[in-house]
>>> print(open('model-v5.cif').read())   # mmCIF, N, CA and C atoms
data_work
#
loop_
_atom_site.label_atom_id
_atom_site.label_comp_id
_atom_site.auth_asym_id
_atom_site.auth_seq_id
_atom_site.Cartn_x
_atom_site.Cartn_y
_atom_site.Cartn_z
N MET A 1 73.31 154.79 112.25
CA MET A 1 72.56 153.70 111.66
C MET A 1 71.04 153.97 111.65
N PRO A 2 70.50 154.65 112.66
CA PRO A 2 69.06 154.91 112.63
C PRO A 2 68.59 155.65 111.38
N ALA A 3 69.40 156.58 110.88
CA ALA A 3 69.02 157.32 109.68
C ALA A 3 69.04 156.42 108.44
N ILE A 4 70.00 155.52 108.37
CA ILE A 4 70.08 154.59 107.24
C ILE A 4 68.88 153.65 107.26
N VAL A 5 68.54 153.16 108.44
CA VAL A 5 67.38 152.27 108.57
C VAL A 5 66.10 153.02 108.17
N LEU A 6 66.00 154.28 108.54
CA LEU A 6 64.84 155.09 108.14
C LEU A 6 64.73 155.15 106.62
N VAL A 7 65.82 155.45 105.95
CA VAL A 7 65.80 155.55 104.48
C VAL A 7 65.43 154.20 103.87
N LEU A 8 66.01 153.13 104.37
CA LEU A 8 65.69 151.80 103.86
C LEU A 8 64.23 151.44 104.13
N ARG A 9 63.75 151.77 105.33
CA ARG A 9 62.34 151.52 105.68
C ARG A 9 61.40 152.24 104.74
N LEU A 10 61.68 153.51 104.50
CA LEU A 10 60.83 154.31 103.62
C LEU A 10 60.84 153.78 102.19
N ALA A 11 62.02 153.43 101.69
CA ALA A 11 62.13 152.94 100.31
C ALA A 11 61.44 151.59 100.15
N LEU A 12 61.70 150.67 101.07
CA LEU A 12 61.09 149.35 100.95
C LEU A 12 59.59 149.43 101.19
N GLY A 13 59.19 150.21 102.18
CA GLY A 13 57.76 150.37 102.46
C GLY A 13 57.02 150.98 101.28
N ALA A 14 57.61 152.01 100.68
CA ALA A 14 56.98 152.65 99.52
C ALA A 14 56.89 151.67 98.35
N THR A 15 57.89 150.85 98.18
CA THR A 15 57.87 149.85 97.10
C THR A 15 56.72 148.86 97.32
N LEU A 16 56.57 148.38 98.54
CA LEU A 16 55.49 147.44 98.84
C LEU A 16 54.12 148.09 98.67
N ILE A 17 53.99 149.32 99.12
CA ILE A 17 52.71 150.04 98.99
C ILE A 17 52.37 150.23 97.51
N ALA A 18 53.35 150.66 96.73
CA ALA A 18 53.11 150.87 95.30
C ALA A 18 52.76 149.57 94.59
N ALA A 19 53.48 148.50 94.91
CA ALA A 19 53.22 147.20 94.26
C ALA A 19 51.84 146.69 94.64
N GLY A 20 51.51 146.77 95.91
CA GLY A 20 50.20 146.30 96.35
C GLY A 20 49.07 147.13 95.79
N ALA A 21 49.22 148.45 95.83
CA ALA A 21 48.17 149.34 95.34
C ALA A 21 47.92 149.16 93.85
N ALA A 22 48.96 148.87 93.09
CA ALA A 22 48.79 148.65 91.65
C ALA A 22 48.03 147.37 91.35
N LYS A 23 48.07 146.41 92.28
CA LYS A 23 47.41 145.12 92.07
C LYS A 23 45.98 145.07 92.61
N ILE A 24 45.65 145.91 93.58
CA ILE A 24 44.34 145.84 94.23
C ILE A 24 43.18 145.88 93.25
N PRO A 25 43.17 146.80 92.27
CA PRO A 25 42.01 146.85 91.37
C PRO A 25 41.96 145.72 90.33
N HIS A 26 42.95 144.85 90.31
CA HIS A 26 43.05 143.84 89.24
C HIS A 26 43.27 142.43 89.78
N PRO A 27 42.38 141.93 90.63
CA PRO A 27 42.61 140.58 91.18
C PRO A 27 42.61 139.48 90.12
N GLU A 28 41.82 139.65 89.07
CA GLU A 28 41.78 138.60 88.04
C GLU A 28 43.13 138.47 87.33
N GLN A 29 43.73 139.60 87.00
CA GLN A 29 45.03 139.57 86.33
C GLN A 29 46.11 139.03 87.26
N LEU A 30 46.02 139.39 88.55
CA LEU A 30 47.00 138.87 89.51
C LEU A 30 46.83 137.36 89.66
N ALA A 31 45.59 136.90 89.71
CA ALA A 31 45.34 135.45 89.80
C ALA A 31 45.94 134.73 88.59
N ALA A 32 45.80 135.32 87.42
CA ALA A 32 46.37 134.72 86.21
C ALA A 32 47.90 134.69 86.29
N ALA A 33 48.48 135.77 86.80
CA ALA A 33 49.94 135.82 86.94
C ALA A 33 50.42 134.77 87.94
N ILE A 34 49.72 134.65 89.06
CA ILE A 34 50.09 133.65 90.07
C ILE A 34 49.95 132.25 89.49
N ALA A 35 48.85 132.00 88.79
CA ALA A 35 48.62 130.68 88.18
C ALA A 35 49.70 130.36 87.14
N GLY A 36 50.22 131.39 86.49
CA GLY A 36 51.24 131.20 85.47
C GLY A 36 52.53 130.59 85.99
N PHE A 37 52.77 130.68 87.29
CA PHE A 37 53.97 130.08 87.87
C PHE A 37 53.82 128.58 88.11
N ARG A 38 52.58 128.10 88.05
CA ARG A 38 52.26 126.68 88.21
C ARG A 38 52.84 126.08 89.49
N LEU A 39 52.66 126.81 90.59
CA LEU A 39 53.15 126.35 91.89
C LEU A 39 52.03 126.05 92.88
N LEU A 40 50.91 126.72 92.71
CA LEU A 40 49.82 126.61 93.70
C LEU A 40 48.58 125.99 93.09
N ALA A 41 47.80 125.36 93.94
CA ALA A 41 46.53 124.80 93.50
C ALA A 41 45.60 125.93 93.07
N ALA A 42 44.74 125.65 92.12
CA ALA A 42 43.79 126.66 91.63
C ALA A 42 42.91 127.19 92.75
N SER A 43 42.59 126.36 93.73
CA SER A 43 41.73 126.79 94.84
C SER A 43 42.40 127.84 95.72
N VAL A 44 43.70 127.96 95.65
CA VAL A 44 44.44 128.93 96.46
C VAL A 44 44.69 130.23 95.70
N THR A 45 44.74 130.14 94.39
CA THR A 45 45.15 131.28 93.57
C THR A 45 44.22 132.49 93.71
N ALA A 46 42.92 132.30 93.60
CA ALA A 46 41.99 133.43 93.67
C ALA A 46 42.01 134.11 95.04
N PRO A 47 41.92 133.37 96.15
CA PRO A 47 41.99 134.05 97.45
C PRO A 47 43.33 134.78 97.67
N LEU A 48 44.41 134.17 97.20
CA LEU A 48 45.72 134.81 97.33
C LEU A 48 45.77 136.10 96.51
N ALA A 49 45.21 136.08 95.31
CA ALA A 49 45.20 137.26 94.45
C ALA A 49 44.40 138.40 95.07
N ILE A 50 43.41 138.07 95.86
CA ILE A 50 42.62 139.11 96.53
C ILE A 50 43.36 139.63 97.77
N ALA A 51 43.93 138.74 98.57
CA ALA A 51 44.54 139.12 99.84
C ALA A 51 45.95 139.71 99.72
N LEU A 52 46.75 139.18 98.82
CA LEU A 52 48.16 139.57 98.73
C LEU A 52 48.38 141.07 98.56
N PRO A 53 47.68 141.74 97.66
CA PRO A 53 47.94 143.18 97.51
C PRO A 53 47.68 143.98 98.80
N TYR A 54 46.61 143.63 99.51
CA TYR A 54 46.31 144.33 100.76
C TYR A 54 47.38 144.04 101.81
N PHE A 55 47.86 142.80 101.82
CA PHE A 55 48.92 142.42 102.75
C PHE A 55 50.20 143.20 102.45
N GLU A 56 50.53 143.33 101.16
CA GLU A 56 51.72 144.10 100.79
C GLU A 56 51.59 145.56 101.22
N VAL A 57 50.42 146.14 101.01
CA VAL A 57 50.21 147.53 101.43
C VAL A 57 50.34 147.66 102.94
N LEU A 58 49.76 146.74 103.68
CA LEU A 58 49.82 146.78 105.14
C LEU A 58 51.26 146.67 105.64
N VAL A 59 52.01 145.72 105.13
CA VAL A 59 53.41 145.58 105.53
C VAL A 59 54.20 146.83 105.17
N GLY A 60 53.94 147.38 103.98
CA GLY A 60 54.60 148.61 103.57
C GLY A 60 54.28 149.77 104.49
N LEU A 61 53.02 149.90 104.89
CA LEU A 61 52.63 150.97 105.82
C LEU A 61 53.32 150.81 107.17
N TYR A 62 53.37 149.59 107.67
CA TYR A 62 54.08 149.35 108.94
C TYR A 62 55.54 149.78 108.83
N LEU A 63 56.17 149.48 107.71
CA LEU A 63 57.57 149.87 107.54
C LEU A 63 57.71 151.39 107.45
N VAL A 64 56.85 152.03 106.71
CA VAL A 64 56.95 153.49 106.53
C VAL A 64 56.79 154.22 107.86
N ILE A 65 55.79 153.81 108.64
CA ILE A 65 55.58 154.52 109.91
C ILE A 65 56.45 153.98 111.04
N GLY A 66 57.06 152.82 110.82
CA GLY A 66 57.93 152.26 111.85
C GLY A 66 57.16 151.64 113.00
N LEU A 67 56.06 150.97 112.69
CA LEU A 67 55.27 150.29 113.71
C LEU A 67 55.45 148.78 113.52
N PHE A 68 55.74 148.09 114.62
CA PHE A 68 56.07 146.65 114.53
C PHE A 68 57.16 146.45 113.49
N THR A 69 58.13 147.33 113.52
CA THR A 69 59.14 147.42 112.46
C THR A 69 59.89 146.11 112.24
N GLN A 70 60.37 145.53 113.31
CA GLN A 70 61.17 144.31 113.15
C GLN A 70 60.33 143.17 112.58
N ILE A 71 59.12 143.01 113.07
CA ILE A 71 58.24 141.96 112.56
C ILE A 71 57.90 142.23 111.10
N ALA A 72 57.53 143.47 110.78
CA ALA A 72 57.18 143.81 109.40
C ALA A 72 58.37 143.58 108.46
N ALA A 73 59.56 143.89 108.92
CA ALA A 73 60.74 143.69 108.08
C ALA A 73 61.01 142.20 107.85
N TRP A 74 60.85 141.38 108.88
CA TRP A 74 61.04 139.94 108.69
C TRP A 74 59.97 139.36 107.76
N VAL A 75 58.75 139.85 107.89
CA VAL A 75 57.68 139.41 106.99
C VAL A 75 58.01 139.80 105.56
N ALA A 76 58.45 141.04 105.36
CA ALA A 76 58.84 141.49 104.02
C ALA A 76 60.00 140.64 103.48
N CYS A 77 60.95 140.33 104.34
CA CYS A 77 62.08 139.49 103.94
C CYS A 77 61.58 138.14 103.45
N ALA A 78 60.68 137.54 104.20
CA ALA A 78 60.12 136.24 103.82
C ALA A 78 59.35 136.35 102.50
N GLN A 79 58.60 137.43 102.33
CA GLN A 79 57.86 137.64 101.08
C GLN A 79 58.81 137.66 99.89
N PHE A 80 59.86 138.46 100.00
CA PHE A 80 60.77 138.60 98.87
C PHE A 80 61.55 137.31 98.59
N VAL A 81 61.87 136.55 99.62
CA VAL A 81 62.51 135.25 99.40
C VAL A 81 61.54 134.31 98.68
N ALA A 82 60.27 134.34 99.10
CA ALA A 82 59.26 133.50 98.44
C ALA A 82 59.08 133.92 96.99
N TYR A 83 59.03 135.23 96.74
CA TYR A 83 58.90 135.71 95.36
C TYR A 83 60.10 135.26 94.53
N ALA A 84 61.30 135.40 95.08
CA ALA A 84 62.51 134.99 94.37
C ALA A 84 62.47 133.49 94.07
N GLY A 85 62.01 132.71 95.03
CA GLY A 85 61.91 131.27 94.82
C GLY A 85 60.92 130.91 93.73
N ALA A 86 59.78 131.59 93.71
CA ALA A 86 58.77 131.32 92.68
C ALA A 86 59.31 131.69 91.30
N ILE A 87 59.97 132.82 91.21
CA ILE A 87 60.51 133.26 89.93
C ILE A 87 61.62 132.31 89.47
N ALA A 88 62.52 131.95 90.39
CA ALA A 88 63.61 131.02 90.03
C ALA A 88 63.04 129.69 89.57
N SER A 89 61.99 129.23 90.24
CA SER A 89 61.35 127.98 89.85
C SER A 89 60.81 128.05 88.42
N ALA A 90 60.16 129.17 88.09
CA ALA A 90 59.63 129.33 86.73
C ALA A 90 60.75 129.38 85.70
N VAL A 91 61.83 130.08 86.03
CA VAL A 91 62.94 130.19 85.09
C VAL A 91 63.58 128.81 84.87
N LEU A 92 63.80 128.09 85.96
CA LEU A 92 64.42 126.77 85.86
C LEU A 92 63.55 125.78 85.08
N ARG A 93 62.24 125.92 85.18
CA ARG A 93 61.33 125.02 84.48
C ARG A 93 60.99 125.53 83.08
N GLY A 94 61.55 126.68 82.69
CA GLY A 94 61.32 127.21 81.35
C GLY A 94 59.91 127.75 81.14
N ILE A 95 59.28 128.19 82.22
CA ILE A 95 57.92 128.73 82.13
C ILE A 95 58.02 130.23 81.92
N PRO A 96 57.46 130.75 80.83
CA PRO A 96 57.52 132.20 80.58
C PRO A 96 56.45 132.95 81.37
N ALA A 97 56.55 132.90 82.69
CA ALA A 97 55.56 133.53 83.57
C ALA A 97 55.75 135.04 83.58
N SER A 98 54.64 135.74 83.70
CA SER A 98 54.67 137.19 83.85
C SER A 98 54.93 137.50 85.31
N CYS A 99 55.83 138.42 85.56
CA CYS A 99 56.17 138.78 86.93
C CYS A 99 54.95 139.30 87.68
N GLY A 100 54.25 140.27 87.13
CA GLY A 100 53.06 140.82 87.78
C GLY A 100 53.36 141.60 89.04
N CYS A 101 54.60 141.96 89.23
CA CYS A 101 55.01 142.63 90.47
C CYS A 101 54.27 143.94 90.73
N PHE A 102 54.04 144.70 89.69
CA PHE A 102 53.38 146.00 89.83
C PHE A 102 52.08 146.05 89.04
N GLY A 103 51.32 144.98 89.10
CA GLY A 103 50.01 144.96 88.47
C GLY A 103 50.07 144.61 87.00
N PRO A 104 48.92 144.72 86.33
CA PRO A 104 48.83 144.29 84.93
C PRO A 104 49.68 145.13 83.98
N ALA A 105 50.03 146.34 84.35
CA ALA A 105 50.87 147.16 83.49
C ALA A 105 52.31 146.65 83.46
N ASP A 106 52.68 145.84 84.45
CA ASP A 106 54.03 145.27 84.52
C ASP A 106 54.05 143.98 83.71
N THR A 107 54.56 144.07 82.52
CA THR A 107 54.57 142.92 81.60
C THR A 107 55.91 142.20 81.59
N ALA A 108 56.77 142.51 82.54
CA ALA A 108 58.09 141.87 82.58
C ALA A 108 57.95 140.37 82.80
N THR A 109 58.76 139.61 82.08
CA THR A 109 58.79 138.17 82.22
C THR A 109 59.72 137.80 83.37
N ALA A 110 59.33 136.79 84.13
CA ALA A 110 60.16 136.32 85.23
C ALA A 110 61.50 135.84 84.67
N ASP A 111 62.59 136.38 85.26
CA ASP A 111 63.92 136.02 84.79
C ASP A 111 64.91 136.14 85.95
N TRP A 112 66.15 135.79 85.69
CA TRP A 112 67.18 135.81 86.74
C TRP A 112 67.40 137.19 87.34
N PRO A 113 67.39 138.26 86.55
CA PRO A 113 67.53 139.58 87.18
C PRO A 113 66.43 139.87 88.22
N HIS A 114 65.20 139.39 87.94
CA HIS A 114 64.13 139.57 88.91
C HIS A 114 64.40 138.79 90.20
N VAL A 115 64.98 137.61 90.05
CA VAL A 115 65.36 136.82 91.23
C VAL A 115 66.37 137.62 92.06
N GLY A 116 67.36 138.19 91.37
CA GLY A 116 68.37 138.99 92.07
C GLY A 116 67.79 140.22 92.76
N ILE A 117 66.86 140.88 92.09
CA ILE A 117 66.22 142.05 92.68
C ILE A 117 65.46 141.65 93.94
N ASP A 118 64.68 140.57 93.86
CA ASP A 118 63.93 140.14 95.03
C ASP A 118 64.84 139.71 96.17
N LEU A 119 65.94 139.05 95.86
CA LEU A 119 66.89 138.67 96.92
C LEU A 119 67.56 139.91 97.51
N GLY A 120 67.83 140.91 96.67
CA GLY A 120 68.37 142.18 97.18
C GLY A 120 67.39 142.87 98.10
N LEU A 121 66.11 142.87 97.73
CA LEU A 121 65.08 143.46 98.59
C LEU A 121 64.94 142.68 99.89
N ALA A 122 65.08 141.35 99.82
CA ALA A 122 65.06 140.53 101.03
C ALA A 122 66.22 140.91 101.95
N LEU A 123 67.38 141.16 101.36
CA LEU A 123 68.55 141.58 102.14
C LEU A 123 68.30 142.92 102.81
N VAL A 124 67.72 143.86 102.08
CA VAL A 124 67.38 145.16 102.65
C VAL A 124 66.42 144.99 103.83
N ALA A 125 65.41 144.14 103.65
CA ALA A 125 64.46 143.87 104.73
C ALA A 125 65.17 143.26 105.93
N GLY A 126 66.11 142.37 105.67
CA GLY A 126 66.89 141.76 106.76
C GLY A 126 67.71 142.79 107.52
N VAL A 127 68.30 143.73 106.81
CA VAL A 127 69.07 144.81 107.47
C VAL A 127 68.14 145.66 108.33
N ILE A 128 66.97 145.98 107.80
CA ILE A 128 65.99 146.75 108.58
C ILE A 128 65.63 146.00 109.85
N ALA A 129 65.35 144.70 109.71
CA ALA A 129 64.97 143.89 110.87
C ALA A 129 66.09 143.85 111.91
N ALA A 130 67.32 143.72 111.45
CA ALA A 130 68.45 143.61 112.36
C ALA A 130 68.72 144.90 113.12
N TYR A 131 68.43 146.04 112.51
CA TYR A 131 68.74 147.33 113.13
C TYR A 131 67.49 148.14 113.45
N ALA A 132 66.35 147.51 113.44
CA ALA A 132 65.06 148.19 113.69
C ALA A 132 65.05 148.87 115.05
N PRO A 133 64.30 149.95 115.20
CA PRO A 133 63.32 150.44 114.25
C PRO A 133 63.83 151.57 113.37
N GLY A 134 64.97 152.16 113.68
CA GLY A 134 65.46 153.30 112.91
C GLY A 134 64.85 154.60 113.42
N ALA A 135 65.26 155.69 112.80
CA ALA A 135 64.80 157.02 113.20
C ALA A 135 63.33 157.23 112.84
N LEU A 136 62.69 158.11 113.56
CA LEU A 136 61.31 158.53 113.31
C LEU A 136 60.32 157.38 113.24
N ALA A 137 60.53 156.38 114.06
CA ALA A 137 59.64 155.22 114.08
C ALA A 137 58.65 155.34 115.23
N VAL A 138 57.42 154.93 114.96
CA VAL A 138 56.40 154.89 116.01
C VAL A 138 56.87 153.96 117.14
N ASP A 139 57.56 152.90 116.79
CA ASP A 139 58.08 151.97 117.81
C ASP A 139 58.93 152.69 118.86
N ARG A 140 59.70 153.66 118.45
CA ARG A 140 60.54 154.42 119.41
C ARG A 140 59.67 155.19 120.39
N ARG A 141 58.60 155.76 119.88
CA ARG A 141 57.68 156.52 120.74
C ARG A 141 56.99 155.59 121.74
N LEU A 142 56.61 154.41 121.28
CA LEU A 142 55.93 153.47 122.14
C LEU A 142 56.85 152.93 123.24
N ARG A 143 58.11 152.79 122.96
CA ARG A 143 59.08 152.33 123.96
C ARG A 143 59.27 153.35 125.08
N LYS A 144 59.11 154.62 124.77
CA LYS A 144 59.33 155.67 125.76
C LYS A 144 58.19 155.76 126.77
N THR A 145 57.03 155.22 126.41
CA THR A 145 55.89 155.32 127.32
C THR A 145 55.80 154.14 128.24
#
>>> encode(input="model-v5.cif", output="structure tokens")
Amino acid sequence: MPAIVLVLRLALGATLIAAGAAKIPHPEQLAAAIAGFRLLAASVTAPLAIALPYFEVLVGLYLVIGLFTQIAAWVACAQFVAYAGAIASAVLRGIPASCGCFGPADTATADWPHVGIDLGLALVAGVIAAYAPGALAVDRRLRKT
């Protein structure tokens, strides 16, 4: 199981790093995408658009190196459940929101398949959390000292 957790950690961590890194240079577009879901107050949208990409990169890095693995995996799980909820809300309300998952180049519209993908990623994060830290994790080295 440690090898499987390692592969899942690397894949999910790389996904979060790529998604966050693609959004960092474009906070205005991310703010517009977040506002498009019509869930948050305007006063929250801009700060979230600035902070969220860095947070995604940080959680992804923790997963890749296996540091605070269980906590990072639960945080990622919560993120993906929240994303799925936001997308499902937009779909149910008939709002043609842009997903914005991978920055402004990602023009995919929020839809049910995206909800399923995010719930699948949440499940992967849950498996990582349950069996953390996996092989080649910094957490394993820290436990030995």
>>> resolve_selection(input="model-v5.cif", expression="the PyMOL selection byres (((chain A and resi 72 and name CA) around 12) and name CA)", output="PyMOL selection string")
chain A and resi 9+12-13+16+55-71+73-79+122+125-126+128-130+132-133+139
>>> closest_residue(input="model-v5.cif", among="A:Val115, A:Val7, A:Ile24, A:Val127", to="A:Ala86", atoms="only C-alpha atoms")
A:Val115
>>> atom_distance(input="model-v5.cif", atom1="atom CA of A:Leu119", atom2="atom C of A:Thr15")
14.4 Å
>>> atom_distance(input="model-v5.cif", atom1="atom CA of A:Tyr131", atom2="atom N of A:Ala82")
20.9 Å
>>> residues_around(input="model-v5.cif", residues="A:Ala90", least_positions_apart="6", cutoff="6.5 Å", atoms="all atoms listed in the file", output="MDAnalysis selection string")
chainID A and resid 37 96:97
>>> resolve_selection(input="model-v5.cif", expression="the PyMOL selection byres (((chain A and resi 95 and name CA) around 12) and name CA)", output="short mmCIF file (atom, residue, chain, number, x, y, z; two decimals) with N, CA and C atoms, keeping the file's coordinate frame")
data_model
loop_
_atom_site.label_atom_id
_atom_site.label_comp_id
_atom_site.auth_asym_id
_atom_site.auth_seq_id
_atom_site.Cartn_x
_atom_site.Cartn_y
_atom_site.Cartn_z
N ALA A 33 48.48 135.77 86.80
CA ALA A 33 49.94 135.82 86.94
C ALA A 33 50.42 134.77 87.94
N ALA A 35 48.85 132.00 88.79
CA ALA A 35 48.62 130.68 88.18
C ALA A 35 49.70 130.36 87.14
N GLY A 36 50.22 131.39 86.49
CA GLY A 36 51.24 131.20 85.47
C GLY A 36 52.53 130.59 85.99
N PHE A 37 52.77 130.68 87.29
CA PHE A 37 53.97 130.08 87.87
C PHE A 37 53.82 128.58 88.11
N ARG A 38 52.58 128.10 88.05
CA ARG A 38 52.26 126.68 88.21
C ARG A 38 52.84 126.08 89.49
N LEU A 39 52.66 126.81 90.59
CA LEU A 39 53.15 126.35 91.89
C LEU A 39 52.03 126.05 92.88
N ALA A 86 59.78 131.59 93.71
CA ALA A 86 58.77 131.32 92.68
C ALA A 86 59.31 131.69 91.30
N ILE A 87 59.97 132.82 91.21
CA ILE A 87 60.51 133.26 89.93
C ILE A 87 61.62 132.31 89.47
N ALA A 88 62.52 131.95 90.39
CA ALA A 88 63.61 131.02 90.03
C ALA A 88 63.04 129.69 89.57
N SER A 89 61.99 129.23 90.24
CA SER A 89 61.35 127.98 89.85
C SER A 89 60.81 128.05 88.42
N ALA A 90 60.16 129.17 88.09
CA ALA A 90 59.63 129.33 86.73
C ALA A 90 60.75 129.38 85.70
N VAL A 91 61.83 130.08 86.03
CA VAL A 91 62.94 130.19 85.09
C VAL A 91 63.58 128.81 84.87
N LEU A 92 63.80 128.09 85.96
CA LEU A 92 64.42 126.77 85.86
C LEU A 92 63.55 125.78 85.08
N ARG A 93 62.24 125.92 85.18
CA ARG A 93 61.33 125.02 84.48
C ARG A 93 60.99 125.53 83.08
N GLY A 94 61.55 126.68 82.69
CA GLY A 94 61.32 127.21 81.35
C GLY A 94 59.91 127.75 81.14
N PRO A 96 57.46 130.75 80.83
CA PRO A 96 57.52 132.20 80.58
C PRO A 96 56.45 132.95 81.37
N ALA A 97 56.55 132.90 82.69
CA ALA A 97 55.56 133.53 83.57
C ALA A 97 55.75 135.04 83.58
N SER A 98 54.64 135.74 83.70
CA SER A 98 54.67 137.19 83.85
C SER A 98 54.93 137.50 85.31
N CYS A 99 55.83 138.42 85.56
CA CYS A 99 56.17 138.78 86.93
C CYS A 99 54.95 139.30 87.68
N THR A 109 58.76 139.61 82.08
CA THR A 109 58.79 138.17 82.22
C THR A 109 59.72 137.80 83.37
N ALA A 110 59.33 136.79 84.13
CA ALA A 110 60.16 136.32 85.23
C ALA A 110 61.50 135.84 84.67
N ASP A 111 62.59 136.38 85.26
CA ASP A 111 63.92 136.02 84.79
C ASP A 111 64.91 136.14 85.95
#
>>> atom_distance(input="model-v5.cif", atom1="atom CA of A:Leu121", atom2="atom CA of A:Ser43")
28.9 Å
>>> closest_residue(input="model-v5.cif", among="A:Ala84, A:Ile17, A:Leu142, A:Leu40", to="A:Gly116", atoms="all atoms listed in the file")
A:Ala84
>>> closest_residue(input="model-v5.cif", among="A:Ala46, A:Ala137, A:Ala3, A:Leu123", to="A:Pro27", atoms="only C-alpha atoms")
A:Ala46
>>> axis_aligned_box(input="model-v5.cif", around="stretch 46-57 of chain A", padding_each_side="3 Å", output="JSON")
{"center_x": 46.8, "center_y": 140.0, "center_z": 98.3, "size_x": 15.8, "size_y": 21.4, "size_z": 15.3}
>>> closest_residue(input="model-v5.cif", among="A:Ile34, A:Pro53, A:Thr45, A:Ile4", to="A:Ala21", atoms="only N, CA and C atoms")
A:Pro53
>>> closest_residue(input="model-v5.cif", among="A:Cys101, A:Met1, A:Ala49, A:Val124", to="A:His26", atoms="only N, CA and C atoms")
A:Ala49
>>> select_by_dssp(input="model-v5.cif", residues="stretch 6-144 of chain A", states="alpha helix (DSSP H)", output="PyMOL selection string")
chain A and resi 6-23+27-36+42-65+69-92+112-131+138-144
